[in-house]
Amino acid sequence: MTRFEKALKIGKILDKLYPNTPIPLNHSSSYTLLVAVMLSAQTTDKKVNQVTPNLFKVADTPEKMFSLEHRAIRLLIKEIGLAPTKSKNLKKMAKQLIDGGGMKPDWEYLESLAGVGHKTASVVMSQWYGIPAFPVDTHIHRLASRWGLSKACNVIMTELDLKKVWPKKIWNKRHLQIIFFGREYCPARNHNLKQCPICSWAASK
C-alpha cells in the first residue's frame, strides 16, 4: 500500500469518527486563540482551558495584557508549564501587536511575535482565518511516523509530507481529526496496536 493509499483510507476513518472538528481551546477572538495556543505548548488543552477564563477576564486584548505587570500575568497562568517564560512572552507579544496594528492573517508577522512559532501561527491561520495550514505538534508527528506517512525526523518535514498526501482544502480539518484520534485511540505509551482502528493495519513500527 502506497503512502497515498494509506492516507486515503486513514482519511475515510477519521471523517467517519470525527465529522465535526471543534477547536479544543476556548477563545473568543483571534487574539485569545493566539494566547491559548501559545500557552498550550508542553501543557494539555484541558489545563489551558482551566486557566484562560480568569486570564481573559482581565486581559482579552493586547492593550489589557500589556497593562498588567509581568508578575500579575505569571500568577494568572502559574499552573501552566513554563509559566515564567510564557508570561514574559505574553507581555512582549502584546506590545508587538499594539505597535503592529493588532492581529492580522500574515505568516511573517505572526511568526515574528514573542513566543509564537510556526505551529502556533499555523493554528491561528487555519482555525481563525480559514487559511489552509497543517499545524504539526509532537502527537501528529508521532502518528504520521507510526502510520508510515512520514519518515521525517522533525515536525517541519512531517508537515510537508502530510501536505502532500491530503488535499489542501481539508488540511485545517485533518490536523484536528488526527489530534482527536490520537487522544482517544493512540496513547504514546502502552498502546495496543491490534485494537486501534488505524494502527492495527497502518502501523509501520
# chains A, B, ... in the order shown; residues from 1 in each chain; ligands from 1
call {"tool": "select_by_dssp", "arguments": {"residues": "chain A", "states": "alpha helix (DSSP H)", "output": "JSON, numbers by chain"}}
result
{"A": [3, 4, 5, 6, 7, 8, 9, 10, 11, 12, 13, 14, 15, 16, 17, 30, 31, 32, 33, 34, 35, 36, 37, 38, 39, 45, 46, 47, 48, 49, 50, 51, 52, 53, 54, 55, 56, 57, 58, 62, 63, 64, 65, 66, 67, 70, 71, 72, 73, 74, 75, 76, 83, 84, 85, 86, 87, 88, 89, 90, 91, 92, 93, 94, 95, 96, 97, 98, 99, 100, 107, 108, 109, 110, 111, 118, 119, 120, 121, 122, 123, 124, 125, 126, 127, 138, 139, 140, 141, 142, 143, 144, 145, 146, 155, 156, 157, 158, 159, 160, 161, 162, 163, 164, 165, 171, 172, 173, 174, 175, 176, 177, 178, 179, 180, 181, 182, 183, 184, 185, 199, 200, 201, 202]}
call {"tool": "closest_atom_pairs", "arguments": {"of": "segment 79-171 of chain A", "to": "segment 16-38 of chain A", "cutoff": "12 Å", "atoms": "only C-alpha atoms", "output": "CSV"}}
result
residue,atom,partner,partner_atom,distance
A:Ile80,CA,A:Met38,CA,10.8
A:Gly81,CA,A:Met38,CA,11.1
A:Leu82,CA,A:Met38,CA,10.9
A:Ala83,CA,A:Met38,CA,11.0
A:Thr85,CA,A:Met38,CA,11.1
A:Lys86,CA,A:Met38,CA,7.8
A:Ser87,CA,A:Met38,CA,10.4
A:Asn89,CA,A:Met38,CA,9.2
A:Leu90,CA,A:Val35,CA,7.5
A:Lys91,CA,A:Val35,CA,10.8
A:Met93,CA,A:Val35,CA,9.4
A:Ala94,CA,A:Tyr31,CA,9.4
A:Leu97,CA,A:Tyr31,CA,9.4
A:Ile98,CA,A:Tyr31,CA,11.5
A:Gly102,CA,A:Tyr31,CA,8.5
A:Met103,CA,A:Tyr31,CA,6.6
A:Lys104,CA,A:Ser30,CA,8.6
A:Pro105,CA,A:Ser30,CA,9.5
A:Leu110,CA,A:Leu34,CA,9.3
A:Glu111,CA,A:Leu34,CA,11.1
A:Leu113,CA,A:Leu34,CA,10.4
A:Ala114,CA,A:Met38,CA,9.7
A:Gly115,CA,A:Met38,CA,6.7
A:Val116,CA,A:Met38,CA,6.4
A:Gly117,CA,A:Met38,CA,8.6
A:His118,CA,A:Met38,CA,10.9
A:Lys119,CA,A:Val37,CA,9.0
A:Thr120,CA,A:Val37,CA,6.0
A:Ala121,CA,A:Leu34,CA,7.6
A:Ser122,CA,A:Leu34,CA,10.0
A:Val123,CA,A:Val37,CA,7.5
A:Val124,CA,A:Leu34,CA,6.1
A:Met125,CA,A:Ser30,CA,9.1
A:Ser126,CA,A:Ile23,CA,10.6
A:Gln127,CA,A:Ile23,CA,7.4
A:Trp128,CA,A:Ser30,CA,6.1
A:Tyr129,CA,A:Ser30,CA,8.1
A:Gly130,CA,A:Ser30,CA,11.4
A:Pro135,CA,A:Val37,CA,11.2
A:Asp137,CA,A:Val37,CA,11.3
A:Ile170,CA,A:Thr21,CA,11.4
A:Trp171,CA,A:Thr21,CA,11.8
call {"tool": "residues_around", "arguments": {"residues": "Arg142 of chain A", "least_positions_apart": "6", "cutoff": "10 Å", "atoms": "only C-alpha atoms", "output": "list in words"}}
result
Val136, Ser150, Cys153, Asn154, Val155, Thr158, Gly182, Cys186 and Ala188 of chain A
call {"tool": "residues_around", "arguments": {"residues": "Lys9 of chain A", "least_positions_apart": "5", "cutoff": "12 Å", "atoms": "only C-alpha atoms", "output": "VMD selection string"}}
result
chain A and resid 1 to 4 14 to 16 147 149 165 to 166 197 to 199 201 to 202
call {"tool": "atom_distance", "arguments": {"atom1": "atom CA of Arg174 of chain A", "atom2": "atom CA of Ser200 of chain A"}}
result
19.9 Å
call {"tool": "closest_residue", "arguments": {"among": "A:Asp106, A:Glu63, A:Glu159, A:Glu184", "to": "Ile131 of chain A", "atoms": "only C-alpha atoms"}}
result
A:Asp106
call {"tool": "closest_residue", "arguments": {"among": "A:Asp60, A:Glu79, A:Pro187, A:Arg71", "to": "Lys46 of chain A", "atoms": "only C-alpha atoms"}}
result
A:Glu79
call {"tool": "atom_distance", "arguments": {"atom1": "atom CA of Ser67 of chain A", "atom2": "atom CA of Tyr109 of chain A"}}
result
22.1 Å
call {"tool": "closest_residue", "arguments": {"among": "A:Lys95, A:Tyr185, A:Asn192, A:Gly11", "to": "Thr61 of chain A", "atoms": "only C-alpha atoms"}}
result
A:Lys95
call {"tool": "decode", "arguments": {"residues": "segment 56-69 of chain A", "atoms": "all heavy atoms", "output": "PDB file, in the first residue's frame"}}
result
ATOM      1  N   PHE A  56      -8.514  35.809  30.677  1.00  0.00           N
ATOM      2  CA  PHE A  56      -9.239  36.612  29.699  1.00  0.00           C
ATOM      3  C   PHE A  56     -10.249  37.575  30.328  1.00  0.00           C
ATOM      4  O   PHE A  56     -10.699  38.516  29.685  1.00  0.00           O
ATOM      5  CB  PHE A  56      -9.934  35.715  28.677  1.00  0.00           C
ATOM      6  CG  PHE A  56      -8.968  34.957  27.784  1.00  0.00           C
ATOM      7  CD1 PHE A  56      -9.324  33.728  27.245  1.00  0.00           C
ATOM      8  CD2 PHE A  56      -7.715  35.468  27.495  1.00  0.00           C
ATOM      9  CE1 PHE A  56      -8.443  33.032  26.423  1.00  0.00           C
ATOM     10  CE2 PHE A  56      -6.827  34.780  26.684  1.00  0.00           C
ATOM     11  CZ  PHE A  56      -7.185  33.560  26.145  1.00  0.00           C
ATOM     12  N   LYS A  57     -10.591  37.337  31.588  1.00  0.00           N
ATOM     13  CA  LYS A  57     -11.462  38.294  32.290  1.00  0.00           C
ATOM     14  C   LYS A  57     -10.772  39.642  32.416  1.00  0.00           C
ATOM     15  O   LYS A  57     -11.413  40.691  32.398  1.00  0.00           O
ATOM     16  CB  LYS A  57     -11.805  37.757  33.685  1.00  0.00           C
ATOM     17  CG  LYS A  57     -12.982  36.802  33.730  1.00  0.00           C
ATOM     18  CD  LYS A  57     -13.234  36.358  35.160  1.00  0.00           C
ATOM     19  CE  LYS A  57     -14.319  35.270  35.202  1.00  0.00           C
ATOM     20  NZ  LYS A  57     -14.493  34.761  36.599  1.00  0.00           N
ATOM     21  N   VAL A  58      -9.460  39.606  32.574  1.00  0.00           N
ATOM     22  CA  VAL A  58      -8.711  40.849  32.788  1.00  0.00           C
ATOM     23  C   VAL A  58      -7.821  41.234  31.604  1.00  0.00           C
ATOM     24  O   VAL A  58      -7.343  42.371  31.531  1.00  0.00           O
ATOM     25  CB  VAL A  58      -7.836  40.767  34.059  1.00  0.00           C
ATOM     26  CG1 VAL A  58      -8.699  40.670  35.295  1.00  0.00           C
ATOM     27  CG2 VAL A  58      -6.871  39.579  33.994  1.00  0.00           C
ATOM     28  N   ALA A  59      -7.612  40.286  30.679  1.00  0.00           N
ATOM     29  CA  ALA A  59      -6.684  40.587  29.583  1.00  0.00           C
ATOM     30  C   ALA A  59      -7.063  39.851  28.304  1.00  0.00           C
ATOM     31  O   ALA A  59      -6.354  38.957  27.851  1.00  0.00           O
ATOM     32  CB  ALA A  59      -5.260  40.217  29.993  1.00  0.00           C
ATOM     33  N   ASP A  60      -8.189  40.244  27.714  1.00  0.00           N
ATOM     34  CA  ASP A  60      -8.618  39.599  26.472  1.00  0.00           C
ATOM     35  C   ASP A  60      -8.254  40.414  25.229  1.00  0.00           C
ATOM     36  O   ASP A  60      -8.699  40.120  24.124  1.00  0.00           O
ATOM     37  CB  ASP A  60     -10.116  39.293  26.499  1.00  0.00           C
ATOM     38  CG  ASP A  60     -10.970  40.556  26.644  1.00  0.00           C
ATOM     39  OD1 ASP A  60     -10.385  41.650  26.884  1.00  0.00           O
ATOM     40  OD2 ASP A  60     -12.199  40.451  26.519  1.00  0.00           O
ATOM     41  N   THR A  61      -7.445  41.463  25.421  1.00  0.00           N
ATOM     42  CA  THR A  61      -6.935  42.253  24.298  1.00  0.00           C
ATOM     43  C   THR A  61      -5.450  42.532  24.555  1.00  0.00           C
ATOM     44  O   THR A  61      -4.997  42.491  25.713  1.00  0.00           O
ATOM     45  CB  THR A  61      -7.660  43.611  24.159  1.00  0.00           C
ATOM     46  OG1 THR A  61      -7.345  44.422  25.298  1.00  0.00           O
ATOM     47  CG2 THR A  61      -9.173  43.422  24.031  1.00  0.00           C
ATOM     48  N   PRO A  62      -4.689  42.817  23.519  1.00  0.00           N
ATOM     49  CA  PRO A  62      -3.271  43.145  23.711  1.00  0.00           C
ATOM     50  C   PRO A  62      -3.078  44.330  24.662  1.00  0.00           C
ATOM     51  O   PRO A  62      -2.163  44.326  25.485  1.00  0.00           O
ATOM     52  CB  PRO A  62      -2.791  43.488  22.300  1.00  0.00           C
ATOM     53  CG  PRO A  62      -3.713  42.755  21.393  1.00  0.00           C
ATOM     54  CD  PRO A  62      -5.042  42.777  22.086  1.00  0.00           C
ATOM     55  N   GLU A  63      -3.951  45.319  24.557  1.00  0.00           N
ATOM     56  CA  GLU A  63      -3.827  46.509  25.397  1.00  0.00           C
ATOM     57  C   GLU A  63      -3.990  46.167  26.880  1.00  0.00           C
ATOM     58  O   GLU A  63      -3.226  46.642  27.739  1.00  0.00           O
ATOM     59  CB  GLU A  63      -4.873  47.562  24.990  1.00  0.00           C
ATOM     60  CG  GLU A  63      -4.644  48.191  23.623  1.00  0.00           C
ATOM     61  CD  GLU A  63      -5.052  47.289  22.449  1.00  0.00           C
ATOM     62  OE1 GLU A  63      -5.753  46.275  22.688  1.00  0.00           O
ATOM     63  OE2 GLU A  63      -4.671  47.599  21.316  1.00  0.00           O
ATOM     64  N   LYS A  64      -4.975  45.353  27.181  1.00  0.00           N
ATOM     65  CA  LYS A  64      -5.207  44.956  28.573  1.00  0.00           C
ATOM     66  C   LYS A  64      -4.061  44.080  29.081  1.00  0.00           C
ATOM     67  O   LYS A  64      -3.641  44.200  30.237  1.00  0.00           O
ATOM     68  CB  LYS A  64      -6.533  44.197  28.695  1.00  0.00           C
ATOM     69  CG  LYS A  64      -7.770  45.057  28.486  1.00  0.00           C
ATOM     70  CD  LYS A  64      -9.022  44.204  28.572  1.00  0.00           C
ATOM     71  CE  LYS A  64     -10.285  45.013  28.293  1.00  0.00           C
ATOM     72  NZ  LYS A  64     -11.484  44.139  28.298  1.00  0.00           N
ATOM     73  N   MET A  65      -3.558  43.190  28.215  1.00  0.00           N
ATOM     74  CA  MET A  65      -2.452  42.319  28.614  1.00  0.00           C
ATOM     75  C   MET A  65      -1.207  43.137  28.920  1.00  0.00           C
ATOM     76  O   MET A  65      -0.525  42.920  29.929  1.00  0.00           O
ATOM     77  CB  MET A  65      -2.146  41.304  27.518  1.00  0.00           C
ATOM     78  CG  MET A  65      -1.118  40.235  27.903  1.00  0.00           C
ATOM     79  SD  MET A  65      -1.757  39.026  29.102  1.00  0.00           S
ATOM     80  CE  MET A  65      -2.774  37.986  28.017  1.00  0.00           C
ATOM     81  N   PHE A  66      -0.922  44.103  28.062  1.00  0.00           N
ATOM     82  CA  PHE A  66       0.283  44.909  28.244  1.00  0.00           C
ATOM     83  C   PHE A  66       0.212  45.788  29.490  1.00  0.00           C
ATOM     84  O   PHE A  66       1.234  46.125  30.093  1.00  0.00           O
ATOM     85  CB  PHE A  66       0.524  45.784  27.005  1.00  0.00           C
ATOM     86  CG  PHE A  66       1.815  46.553  27.066  1.00  0.00           C
ATOM     87  CD1 PHE A  66       3.045  45.894  27.067  1.00  0.00           C
ATOM     88  CD2 PHE A  66       1.799  47.935  27.140  1.00  0.00           C
ATOM     89  CE1 PHE A  66       4.238  46.605  27.139  1.00  0.00           C
ATOM     90  CE2 PHE A  66       2.987  48.656  27.211  1.00  0.00           C
ATOM     91  CZ  PHE A  66       4.207  47.989  27.209  1.00  0.00           C
ATOM     92  N   SER A  67      -1.024  46.125  29.892  1.00  0.00           N
ATOM     93  CA  SER A  67      -1.187  46.984  31.072  1.00  0.00           C
ATOM     94  C   SER A  67      -0.896  46.240  32.376  1.00  0.00           C
ATOM     95  O   SER A  67      -0.686  46.858  33.417  1.00  0.00           O
ATOM     96  CB  SER A  67      -2.604  47.563  31.121  1.00  0.00           C
ATOM     97  OG  SER A  67      -3.544  46.548  31.445  1.00  0.00           O
ATOM     98  N   LEU A  68      -0.893  44.908  32.316  1.00  0.00           N
ATOM     99  CA  LEU A  68      -0.628  44.117  33.520  1.00  0.00           C
ATOM    100  C   LEU A  68       0.868  44.027  33.802  1.00  0.00           C
ATOM    101  O   LEU A  68       1.691  43.994  32.883  1.00  0.00           O
ATOM    102  CB  LEU A  68      -1.179  42.691  33.350  1.00  0.00           C
ATOM    103  CG  LEU A  68      -2.693  42.515  33.231  1.00  0.00           C
ATOM    104  CD1 LEU A  68      -3.013  41.040  32.981  1.00  0.00           C
ATOM    105  CD2 LEU A  68      -3.405  43.010  34.474  1.00  0.00           C
ATOM    106  N   GLU A  69       1.208  43.954  35.060  1.00  0.00           N
ATOM    107  CA  GLU A  69       2.594  43.707  35.442  1.00  0.00           C
ATOM    108  C   GLU A  69       2.950  42.264  35.075  1.00  0.00           C
ATOM    109  O   GLU A  69       2.085  41.386  35.098  1.00  0.00           O
ATOM    110  CB  GLU A  69       2.785  43.920  36.953  1.00  0.00           C
ATOM    111  CG  GLU A  69       2.626  45.352  37.421  1.00  0.00           C
ATOM    112  CD  GLU A  69       3.754  46.237  36.921  1.00  0.00           C
ATOM    113  OE1 GLU A  69       4.867  45.707  36.689  1.00  0.00           O
ATOM    114  OE2 GLU A  69       3.517  47.447  36.736  1.00  0.00           O
TER     115      GLU A  69
END
